[in-house]
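> What follows is upload.txt, made up of compact mmCIF, C-alpha atoms:
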```
# COMPACT_ATOMS: atom_id res chain seq x y z
CA HIS A 649 41.99 -20.30 -9.76
CA THR A 650 41.56 -16.61 -10.52
CA GLU A 651 41.33 -15.79 -6.80
CA ARG A 652 44.59 -17.57 -6.08
CA ALA A 653 46.29 -15.71 -8.91
CA CYS A 654 45.12 -12.40 -7.50
CA GLU A 655 46.35 -13.33 -4.04
CA GLY A 656 49.71 -14.23 -5.56
CA LYS A 657 49.94 -10.85 -7.28
CA VAL A 658 48.99 -9.02 -4.08
CA ALA A 659 51.61 -10.94 -2.12
CA ALA A 660 54.23 -10.10 -4.77
CA LEU A 661 53.27 -6.42 -4.64
CA GLU A 662 53.45 -6.41 -0.82
CA ARG A 663 56.91 -7.96 -0.96
CA ARG A 664 57.99 -5.33 -3.48
CA VAL A 665 56.57 -2.52 -1.34
CA LYS A 666 58.36 -3.98 1.70
CA ASP A 667 61.59 -4.15 -0.29
CA LEU A 668 61.17 -0.57 -1.42
CA GLU A 669 60.46 0.56 2.15
CA ASP A 670 63.61 -1.21 3.35
CA ARG A 671 65.64 0.45 0.63
CA ASN A 672 64.10 3.80 1.54
CA ASP A 673 65.04 3.29 5.18
CA VAL A 674 68.62 2.54 4.16
CA LEU A 675 68.77 5.63 1.95
CA GLU A 676 67.32 7.84 4.68
CA GLU A 677 69.88 6.50 7.15
CA LYS A 678 72.70 7.23 4.71
CA LEU A 679 71.32 10.71 4.06
CA LEU A 680 71.12 11.39 7.79
CA GLN A 681 74.69 10.17 8.26
CA ASN A 682 75.89 12.41 5.44
CA LYS A 683 74.20 15.40 7.05
CA VAL A 684 75.86 14.59 10.37
CA ASN A 685 79.24 14.25 8.66
CA MET A 686 78.77 17.52 6.81
CA ALA A 687 77.75 19.31 9.99
CA SER A 688 80.76 17.90 11.80
CA LYS A 689 83.04 18.89 8.97
CA GLY A 690 81.52 22.35 8.98
CA LYS A 691 82.24 22.73 12.70
CA ASP A 692 85.79 21.56 12.20
CA SER A 693 86.18 23.99 9.34
CA VAL A 694 84.82 26.83 11.44
CA LEU A 695 87.11 25.83 14.29
CA GLN A 696 90.12 25.67 12.01
CA ASP A 697 89.19 28.99 10.46
CA GLY A 698 88.89 30.43 13.94
CA VAL A 699 92.31 29.12 14.88
CA ARG A 700 93.75 30.54 11.67
CA GLN A 701 92.07 33.83 12.40
CA GLN A 702 93.53 33.85 15.91
CA GLN A 703 96.94 33.05 14.50
CA ILE A 704 96.58 35.89 12.04
CA GLU A 705 95.31 38.31 14.68
CA LEU A 706 97.79 37.30 17.39
CA PRO A 707 100.59 39.57 16.14
CA HIS A 708 98.09 42.43 16.29
CA SER A 709 96.95 41.79 19.84
CA PRO A 710 96.63 44.97 21.95
CA LYS A 711 99.80 44.26 23.96
CA ARG A 712 101.91 43.53 20.89
CA ALA A 713 100.43 46.50 19.07
CA LEU A 714 101.36 48.72 22.01
CA VAL A 715 104.92 47.41 21.95
CA ASN A 716 105.17 47.92 18.19
CA GLU A 717 103.92 51.47 18.54
CA MET A 718 106.47 52.22 21.27
CA HIS A 719 109.50 52.95 19.09
CA ILE A 720 112.30 54.15 21.37
CA ALA A 721 115.82 54.72 20.04
CA PHE A 722 118.34 57.54 20.07
CA THR A 723 121.84 58.43 18.91
CA ALA A 724 123.69 61.64 19.66
CA TYR A 725 127.29 62.72 19.26
CA LEU A 726 129.62 65.50 20.38
CA ASP A 727 130.32 67.91 17.53
CA HIS A 728 133.02 70.00 19.25
CA ASP A 729 135.98 69.57 21.59
CA VAL A 730 135.30 69.91 25.31
CA ASN A 731 137.98 70.92 27.81
CA ASN A 732 138.25 71.26 31.58
CA ILE A 733 135.61 68.65 32.31
CA GLY A 734 135.13 68.17 36.05
CA ARG A 735 134.79 64.88 37.89
CA ASP A 736 131.21 63.48 37.80
CA GLN A 737 130.30 66.02 35.14
CA VAL A 738 127.73 64.74 32.65
CA LEU A 739 128.97 64.70 29.07
CA LEU A 740 126.57 66.50 26.75
CA PHE A 741 126.25 64.74 23.41
CA ASN A 742 124.73 67.77 21.76
CA ASN A 743 124.06 66.77 18.15
CA VAL A 744 121.10 64.41 17.86
CA LEU A 745 120.86 62.03 14.89
CA LEU A 746 117.81 60.10 16.10
CA ASN A 747 115.45 60.52 19.04
CA ASP A 748 112.42 58.28 18.54
CA GLY A 749 110.29 58.35 21.67
CA LEU A 750 111.88 61.68 22.71
CA GLY A 751 113.74 60.05 25.59
CA TYR A 752 117.07 61.83 25.06
CA ASN A 753 117.67 65.45 26.11
CA ASN A 754 120.73 66.97 24.43
CA PHE A 755 120.71 69.93 26.84
CA THR A 756 121.25 67.68 29.87
CA GLY A 757 122.92 64.70 28.17
CA THR A 758 120.35 62.46 29.83
CA PHE A 759 118.11 59.72 28.47
CA THR A 760 114.89 59.33 30.48
CA ALA A 761 113.09 56.02 29.91
CA PRO A 762 109.63 56.73 28.41
CA THR A 763 108.49 53.25 29.44
CA SER A 764 109.73 50.34 31.53
CA GLY A 765 111.68 47.60 29.78
CA VAL A 766 115.09 46.25 28.84
CA TYR A 767 117.26 48.76 26.97
CA SER A 768 120.61 48.56 25.21
CA PHE A 769 123.09 51.43 25.60
CA SER A 770 126.47 52.11 24.05
CA PHE A 771 128.82 55.05 24.52
CA TYR A 772 132.17 55.97 22.97
CA ILE A 773 134.73 58.58 23.93
CA GLY A 774 137.19 59.93 21.36
CA GLU A 775 140.65 61.35 22.09
CA ARG A 776 143.46 62.84 20.01
CA ASP A 777 147.12 63.50 20.80
CA VAL A 778 148.19 62.64 24.37
CA HIS A 779 145.03 62.37 26.49
CA GLU A 780 143.35 59.93 28.81
CA TYR A 781 139.68 59.85 29.71
CA ARG A 782 137.67 57.52 31.94
CA ALA A 783 133.89 57.51 31.76
CA TYR A 784 130.99 55.85 33.57
CA LEU A 785 127.58 54.87 32.29
CA VAL A 786 125.25 55.91 35.11
CA VAL A 787 121.60 55.12 35.94
CA ASN A 788 119.93 57.30 38.59
CA GLY A 789 123.33 58.18 40.05
CA LYS A 790 124.53 54.56 40.19
CA HIS A 791 127.58 53.50 38.21
CA GLN A 792 126.92 50.65 35.75
CA ILE A 793 129.93 50.11 33.44
CA ASP A 794 133.15 51.89 32.45
CA ALA A 795 135.03 52.99 29.37
CA VAL A 796 138.65 54.14 29.06
CA VAL A 797 140.50 55.80 26.18
CA ASP A 798 144.21 56.68 26.37
CA SER A 799 145.86 58.19 23.30
CA MET A 800 149.67 58.16 23.55
CA HIS A 801 151.07 60.10 20.61
CA PRO A 802 150.53 63.49 18.93
CA GLY A 803 148.06 63.21 16.08
CA GLN A 804 146.80 59.81 17.29
CA ASP A 805 143.02 59.28 17.29
CA LEU A 806 141.64 56.67 19.67
CA GLN A 807 138.20 55.67 20.83
CA GLY A 808 137.11 53.85 23.98
CA GLY A 809 133.61 52.67 24.78
CA ASN A 810 131.32 50.02 26.16
CA THR A 811 127.83 48.52 25.84
CA ALA A 812 125.28 47.42 28.43
CA ASN A 813 121.77 45.94 28.40
CA LEU A 814 119.84 47.24 31.39
CA ARG A 815 116.35 46.87 32.81
CA LEU A 816 114.85 50.28 33.46
CA SER A 817 111.69 51.56 35.04
CA GLN A 818 109.77 54.38 33.46
CA GLY A 819 111.44 57.67 34.38
CA ASP A 820 114.91 56.22 35.07
CA ALA A 821 117.71 58.57 33.99
CA VAL A 822 120.75 57.30 32.05
CA TYR A 823 123.84 59.40 31.25
CA VAL A 824 127.63 59.34 30.83
CA THR A 825 129.93 61.03 33.34
CA HIS A 826 133.64 61.87 33.60
CA GLN A 827 135.39 59.83 36.29
CA GLY A 828 139.06 60.55 35.92
CA GLY A 829 142.11 60.93 33.74
CA GLY A 830 142.30 63.99 31.56
CA THR A 831 139.75 66.73 31.16
CA HIS A 832 139.57 66.82 27.37
CA VAL A 833 137.17 65.05 25.01
CA GLU A 834 137.49 65.10 21.23
CA GLY A 835 134.41 66.10 19.25
CA SER A 836 133.82 67.03 15.63
CA ASN A 837 131.25 67.15 12.84
CA LEU A 838 133.80 65.52 10.54
CA LEU A 839 135.08 62.75 12.84
CA LYS A 840 132.10 61.75 14.99
CA ILE A 841 133.90 59.49 17.46
CA THR A 842 132.26 60.60 20.73
CA SER A 843 128.70 59.31 20.86
CA PHE A 844 125.89 57.95 23.02
CA SER A 845 123.14 55.59 21.77
CA GLY A 846 120.35 53.48 23.17
CA PHE A 847 117.15 51.67 22.25
CA LEU A 848 114.33 49.64 23.79
CA ILE A 849 114.83 45.89 23.26
CA TYR A 850 111.57 44.67 24.82
CA PRO A 851 109.18 45.73 27.61
```
Show me this structure written as structure tokens.

Amino acid sequence: HTERACEGKVAALERRVKDLEDRNDVLEEKLLQNKVNMASKGKDSVLQDGVRQQQIELPHSPKRALVNEMHIAFTAYLDHDVNNIGRDQVLLFNNVLLNDGLGYNNFTGTFTAPTSGVYSFSFYIGERDVHEYRAYLVVNGKHQIDAVVDSMHPGQDLQGGNTANLRLSQGDAVYVTHQGGGTHVEGSNLLKITSFSGFLIYP
């Protein structure tokens, strides 16, 4: 009787050990799965952080940084009257308000593109009294667009101009020439109505 009781206790203990081992296997499997999930989540987090970092760094990529550093813009105006202007003569906008990139030369009236890209240009011619003036915007000797101003009465101030967006190569020369009409252009430090401006839009 005692022997059977001992065998019963041993069998009960073996069943309990087996049950504990089964539970341990289940727990280890869950633990392993949690580690896998955490590792996967970590990779996703790293990937997302990398994407965010790329998104943050993208505006500072070398090409964009170069473009941002290339600030090109100018404005100049004529601060005195000019008379007896000949045909095809370049108008010298002598007083410079802005010349970022140093593309404009007020001694020659010419803007030389420091870099290739698409530029915007505008030019205005002022007249007073009874005068007419026709001007061309020129690139490397080739006419691009026109402007006309025709004042009709004594004491009348008028302004004619135009705007163009042009693709230029580095070194291209842009300037304004006289193409006909009168030979007088109004200029002043008080009434700055004769001007030439341009800037780089994008490369």
> Suppose you want the space between atom CA of Ser845 of chain A and atom CA of Val744 of chain A; what is it in Å?
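Atom CA of Val744 of chain A lies 9.9 Å from atom CA of Ser845 of chain A.
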> May I have the protein, DNA and RNA residues with any atom at most 7 Å from the point (111.6, 54.0, 21.0), counting only C-alpha atoms, written as number ranges by chain?
A: 718-721, 748-749, 847-848
> So which one's closest to Tyr850 of chain A, A:Tyr772, A:Phe722, A:Tyr767, A:Tyr781? Using all atoms listed in the file, please.
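The answer is A:Tyr767, which sits nearest to Tyr850 of chain A.
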> If I take atom CA of Ile849 of chain A and atom CA of Ala724 of chain A, how far is one from the other in Å, to one decimal?
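Distance between the two atoms: 18.4 Å.
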> Hey, which of A:Leu806, A:Ile733, A:Ala761, A:Met800 ends up closest to Asn788 of chain A? Count all atoms listed in the file.
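Closest candidate: A:Ala761.
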> Could you pull the residues within 6 Å of Ser768 of chain A, counting all atoms listed in the file, minus those fewer than 3 positions along the same chain, as a list in words?
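The residues satisfying every condition are Ala812, Asn813, Gly846 and Phe847 of chain A.
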> List every protein, DNA or RNA residue with an atom no more than 12 Å from (113.7, 61.5, 27.0) in the file's coordinates, counting all atoms listed in the file, and format the result as a PyMOL selection string.
chain A and resi 720-723+746-763+818-823+846-847
> What separation in Å, quoted to one decimal, exists between atom CA of Gly835 of chain A and atom CA of Gly803 of chain A?
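That distance, rounded to one decimal, is 14.3 Å.
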> Counting only C-alpha atoms, figure out which residue out of A:Ser817, A:Glu662, A:Thr825, A:Arg776 gets nearest to His801 of chain A.
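With only C-alpha atoms as the atom set, the closest residue is A:Arg776.
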> Quick one: everything within 6 Å of Gln807 of chain A, counting all atoms listed in the file, minus sequence neighbours fewer than 3 positions away in the same chain. Send it as a count of residues only.
3
> Nearest to Gln737 of chain A among A:Gly765, A:Gly828, A:Pro802, A:Gly809, with distances taken over only C-alpha atoms: which residue is it?
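Residue with the minimum atom-to-atom distance to Gln737 of chain A: A:Gly828.
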> Taking every listed atom of segment 721-731 of chain A and adding 3 Å to each side, what centre and edge lengths in Å (one decimal) does the axis-aligned box have, as JSON?

```
{"center_x": 126.9, "center_y": 62.8, "center_z": 22.7, "size_x": 28.2, "size_y": 22.2, "size_z": 16.3}
```
> Would you please work out which residue, of A:Ser764, A:Asn837, A:Gln804, A:Thr811, is nearest to Pro851 of chain A when using only C-alpha atoms?
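Checking each candidate against Pro851 of chain A, we get A:Ser764 as the closest.
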> Please list as a list in words every residue within 6 Å of Val824 of chain A, counting all atoms listed in the file and excluding residues in the same chain fewer than 2 positions away.
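Skipping anything fewer than 2 positions along the chain leaves Val738, Leu739, Tyr784, Leu785 and Val786 of chain A.
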> Compare A:Arg782, A:Val766, A:Asp729, A:Glu676 by their minimum atom-to-atom distance to Leu838 of chain A, counting only C-alpha atoms, and give me the closest one.
A:Asp729
